Structures are given as C-alpha cells and as structure tokens.
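One structure is given below, encoded as structure tokens.
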Amino acid sequence: MSRIVIIGGHGKISRILTSQLVDNGDDVVSVFRNPDHSSDIAGLGAEPVVCDIETASVDDLVPILSGADAVVFAAGAGPNSGAERKHTVDYEGSVKSAAAAERAGVSRFVQVSAMGIDGEVDTSDDVWAAYVAAKRNADIDLKKTSLAWTILRPGALTDDEPTGMVQLESDTGRGSIPRADVAALIAAVLTFPETAGFTWEAISGETPIAAAVAAAVSAG
C-alpha cells in the first residue's frame, strides 16, 4: 500500500484517480481549495485536506506531503480563469508543490501537464499564451529538481467511457483521450519507478495502458 497525495484533488481526473487508487488499496490524501468539496472526497475513500495551492506557501505544504510515497500534481486554474491565475496556479502551484516534496523527503512526483506547449504560441490570445507558458515553465522547473519526476501530457480530454488503450510517446501527434484513461495511466506510472525521468504525450490508441508504459520505458 502506498500513500499518495493528489494536488488538485477535486478535478475530474483526480477524482477518478482517487477511486482507482483507493480500490487498489492505496492511502490517498486529496488536496483542494473549496471546503464544500470535503464530503465528495471523503465519499471516495480519501483523506480530504483543504488547502489553496494558489495562496499556500511551501511551508504550508510540507506537513501535508510528509510521509507520502508520491505526489501527483493535477491542479489547474480552469478554463474560465484569467492569465494571472494560470501563472499562480498552474506554474507557481507546481513549483511550490515540488519544493515541498523535496523538503518533505518525497522523491516521486507525477505532473499532469498539457500537449503542444513546446512549440510556437498564438500570442494574440493572452490567456492561452499564459496557460502555455505556465505549463511549459512548470515542466522545465520540475526537471531541474532532485525529484523522481514523470510528466504526462494528455491530448484533448473527453468524458467518454475509458478504453484502457493508449498511445504513449514523446510525440504522439494530436488526438483525444478519456479522462478515465488518463487517471489509469497516472496510476500505472505510479506503479513503475522506471517511469521516472520521462515526459510523454498520451492519446487514445491500441495498446493496453500497462503495456504502453512498459514499451515507452523500453524505448527510452
């Protein structure tokens, strides 16, 4: 049994992941900002922790992460937020979580990032440009840490039924993927320490998730 802390615990992917991890016998700590969501999280079998990643300090996060085997950073400002919150949540939230993990002695860190953030950006859309910069810089900074990190960059997210089949590569090309398959992919990555140090894009494909992870690790 592992103790997993999920930052951004009330998001759709995070709630599915929580259920999967709990069903697997893991101990899940779910961190989210809205206290009204506590009963939702407790109902999934996780320990709810109310903490606003946007305003929290590294010092605030260290005791929450202490004793964990892994941290999953899946927080995001959301589609209706402005450019400033992309920076304070998607970027600064990741940086603070990674720093707290290092201080708490938690080496394993899985980050849910975004596809298509390394190329040219449409700067005519300030919010989109801020989002891309936040995700890209969060990934860059995570790679500079001492953590055993894995970065997952899913394609367009859907609420379709999971297929359990993915394409997992450093560059998959555009595509979509059900949120439930992203959650299962995160769970699989947490199971395999060999996935540390990899950045992968993920879309729906024809390979079972566990086999796709093993093949991606072997491919280097």
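We name chains A, B, ... following the order of the structure tokens; residues begin at 1 in each chain, and ligands are numbered from 1 as shown.
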
| request: Pick out the residues sitting within 10 Å of Leu61 (chain A), and hand them over as a VMD selection string; count only C-alpha atoms, and ignore anything fewer than 3 positions along from it in its own chain. | output: chain A and resid 31 51 to 53 56 to 58 64 to 66 96 to 101 103 to 104

With C-alpha atoms retained, could you export that selection as a PDB file, in the first residue's frame?
ATOM      1  CA  VAL A  31      -5.754  18.444  -1.540  1.00  0.00           C
ATOM      2  CA  CYS A  51      -5.529  23.951   1.135  1.00  0.00           C
ATOM      3  CA  ASP A  52      -5.494  26.624  -1.565  1.00  0.00           C
ATOM      4  CA  ILE A  53      -2.401  25.920  -3.640  1.00  0.00           C
ATOM      5  CA  ALA A  56      -0.317  28.397   0.277  1.00  0.00           C
ATOM      6  CA  SER A  57       3.398  28.601   0.965  1.00  0.00           C
ATOM      7  CA  VAL A  58       5.932  25.802   0.689  1.00  0.00           C
ATOM      8  CA  ILE A  64       0.686  17.744   4.075  1.00  0.00           C
ATOM      9  CA  LEU A  65       3.226  15.886   1.927  1.00  0.00           C
ATOM     10  CA  SER A  66       5.298  14.433   4.754  1.00  0.00           C
ATOM     11  CA  LYS A  96       5.705  25.100  -4.640  1.00  0.00           C
ATOM     12  CA  SER A  97       4.471  21.510  -4.597  1.00  0.00           C
ATOM     13  CA  ALA A  98       7.772  20.239  -5.986  1.00  0.00           C
ATOM     14  CA  ALA A  99       9.774  22.275  -3.474  1.00  0.00           C
ATOM     15  CA  ALA A 100       7.607  20.986  -0.630  1.00  0.00           C
ATOM     16  CA  ALA A 101       8.037  17.420  -1.849  1.00  0.00           C
ATOM     17  CA  ARG A 103      11.734  19.243   1.725  1.00  0.00           C
ATOM     18  CA  ALA A 104       9.322  16.540   2.904  1.00  0.00           C
TER      19      ALA A 104
END

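The residue set within 12 Å of Asn34 (chain A), counting only C-alpha atoms and dropping same-chain residues fewer than 4 places from it, reads A:Gly8, A:Gly9, A:His10, A:Gly11, A:Ser30, A:Ser38, A:Ser39, A:Asp40, A:Ile41, A:Pro48, A:Val49, A:Val50, A:Cys51, A:Asp52, A:Ile53.
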
| request: Output as a PyMOL selection string all residues of region 120-172 of chain A that backbone DSSP marks as strand (DSSP E). | output: chain A and resi 148-154+156-158+165-169

Just to be explicit: take each residue in the selection above, keep N, CA, C and O atoms, and write the result as a PDB file, in the first residue's frame.
ATOM      1  N   ALA A 148      12.166  12.360  -8.477  1.00  0.00           N
ATOM      2  CA  ALA A 148      11.981  11.301  -9.480  1.00  0.00           C
ATOM      3  C   ALA A 148      10.668  11.602 -10.201  1.00  0.00           C
ATOM      4  O   ALA A 148       9.626  11.016  -9.932  1.00  0.00           O
ATOM      5  N   TRP A 149      10.747  12.527 -11.139  1.00  0.00           N
ATOM      6  CA  TRP A 149       9.541  13.064 -11.779  1.00  0.00           C
ATOM      7  C   TRP A 149       9.160  12.283 -13.039  1.00  0.00           C
ATOM      8  O   TRP A 149      10.000  11.712 -13.720  1.00  0.00           O
ATOM      9  N   THR A 150       7.874  12.296 -13.329  1.00  0.00           N
ATOM     10  CA  THR A 150       7.327  11.863 -14.611  1.00  0.00           C
ATOM     11  C   THR A 150       6.318  12.919 -15.036  1.00  0.00           C
ATOM     12  O   THR A 150       5.500  13.354 -14.223  1.00  0.00           O
ATOM     13  N   ILE A 151       6.392  13.339 -16.287  1.00  0.00           N
ATOM     14  CA  ILE A 151       5.482  14.354 -16.814  1.00  0.00           C
ATOM     15  C   ILE A 151       4.595  13.719 -17.875  1.00  0.00           C
ATOM     16  O   ILE A 151       5.094  13.127 -18.835  1.00  0.00           O
ATOM     17  N   LEU A 152       3.288  13.838 -17.686  1.00  0.00           N
ATOM     18  CA  LEU A 152       2.312  13.304 -18.636  1.00  0.00           C
ATOM     19  C   LEU A 152       1.588  14.461 -19.318  1.00  0.00           C
ATOM     20  O   LEU A 152       1.078  15.365 -18.645  1.00  0.00           O
ATOM     21  N   ARG A 153       1.534  14.403 -20.642  1.00  0.00           N
ATOM     22  CA  ARG A 153       0.897  15.456 -21.425  1.00  0.00           C
ATOM     23  C   ARG A 153      -0.243  14.857 -22.257  1.00  0.00           C
ATOM     24  O   ARG A 153      -0.037  14.460 -23.405  1.00  0.00           O
ATOM     25  N   PRO A 154      -1.428  14.790 -21.684  1.00  0.00           N
ATOM     26  CA  PRO A 154      -2.548  14.182 -22.414  1.00  0.00           C
ATOM     27  C   PRO A 154      -3.060  15.091 -23.526  1.00  0.00           C
ATOM     28  O   PRO A 154      -2.903  16.320 -23.477  1.00  0.00           O
ATOM     29  N   ALA A 156      -6.519  16.129 -26.032  1.00  0.00           N
ATOM     30  CA  ALA A 156      -7.812  16.730 -25.687  1.00  0.00           C
ATOM     31  C   ALA A 156      -8.603  15.781 -24.790  1.00  0.00           C
ATOM     32  O   ALA A 156      -8.813  14.617 -25.135  1.00  0.00           O
ATOM     33  N   LEU A 157      -9.047  16.279 -23.667  1.00  0.00           N
ATOM     34  CA  LEU A 157      -9.711  15.438 -22.673  1.00  0.00           C
ATOM     35  C   LEU A 157     -11.198  15.305 -22.966  1.00  0.00           C
ATOM     36  O   LEU A 157     -11.875  16.284 -23.296  1.00  0.00           O
ATOM     37  N   THR A 158     -11.696  14.080 -22.831  1.00  0.00           N
ATOM     38  CA  THR A 158     -13.119  13.823 -23.026  1.00  0.00           C
ATOM     39  C   THR A 158     -13.679  13.093 -21.820  1.00  0.00           C
ATOM     40  O   THR A 158     -12.933  12.566 -20.988  1.00  0.00           O
ATOM     41  N   MET A 165      -6.863   1.692 -23.495  1.00  0.00           N
ATOM     42  CA  MET A 165      -5.886   1.585 -24.579  1.00  0.00           C
ATOM     43  C   MET A 165      -5.351   2.981 -24.899  1.00  0.00           C
ATOM     44  O   MET A 165      -6.135   3.926 -25.077  1.00  0.00           O
ATOM     45  N   VAL A 166      -4.040   3.100 -24.995  1.00  0.00           N
ATOM     46  CA  VAL A 166      -3.443   4.412 -25.229  1.00  0.00           C
ATOM     47  C   VAL A 166      -2.304   4.337 -26.234  1.00  0.00           C
ATOM     48  O   VAL A 166      -1.776   3.259 -26.537  1.00  0.00           O
ATOM     49  N   GLN A 167      -1.930   5.507 -26.713  1.00  0.00           N
ATOM     50  CA  GLN A 167      -0.679   5.707 -27.423  1.00  0.00           C
ATOM     51  C   GLN A 167       0.155   6.610 -26.544  1.00  0.00           C
ATOM     52  O   GLN A 167      -0.279   7.710 -26.179  1.00  0.00           O
ATOM     53  N   LEU A 168       1.333   6.171 -26.171  1.00  0.00           N
ATOM     54  CA  LEU A 168       2.171   6.867 -25.207  1.00  0.00           C
ATOM     55  C   LEU A 168       3.568   7.022 -25.796  1.00  0.00           C
ATOM     56  O   LEU A 168       4.312   6.047 -25.915  1.00  0.00           O
ATOM     57  N   GLU A 169       3.912   8.237 -26.159  1.00  0.00           N
ATOM     58  CA  GLU A 169       5.209   8.509 -26.779  1.00  0.00           C
ATOM     59  C   GLU A 169       5.647   9.924 -26.430  1.00  0.00           C
ATOM     60  O   GLU A 169       4.851  10.716 -25.921  1.00  0.00           O
TER      61      GLU A 169
END

| request: Might you pull out every residue within 6 Å of Ala70 (chain A), with only C-alpha atoms counted and same-chain residues fewer than 5 positions away left off, and present them as a PyMOL selection string? | output: chain A and resi 4+108-109

Selected residues, N, CA, C and O atoms, written as a CSV table (one decimal), in the first residue's frame, please.
chain,number,residue,atom,x,y,z
A,4,ILE,N,-0.5,8.3,-1.4
A,4,ILE,CA,-0.4,9.2,-2.5
A,4,ILE,C,-1.1,10.5,-2.2
A,4,ILE,O,-2.3,10.5,-1.7
A,108,ARG,N,9.1,10.9,-5.3
A,108,ARG,CA,8.3,10.6,-6.5
A,108,ARG,C,7.3,11.7,-6.8
A,108,ARG,O,6.5,12.0,-5.9
A,109,PHE,N,7.2,12.2,-8.0
A,109,PHE,CA,6.4,13.3,-8.4
A,109,PHE,C,5.9,13.1,-9.8
A,109,PHE,O,6.7,13.1,-10.7

| request: Would you please extract all helix (DSSP H, G or I) residues from region 17-179 of chain A, as assigned by DSSP on the backbone, and give them as a count of residues only? | output: 65

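CA of Gly220 (chain A) lies 19.8 Å from CA of Glu206 (chain A).
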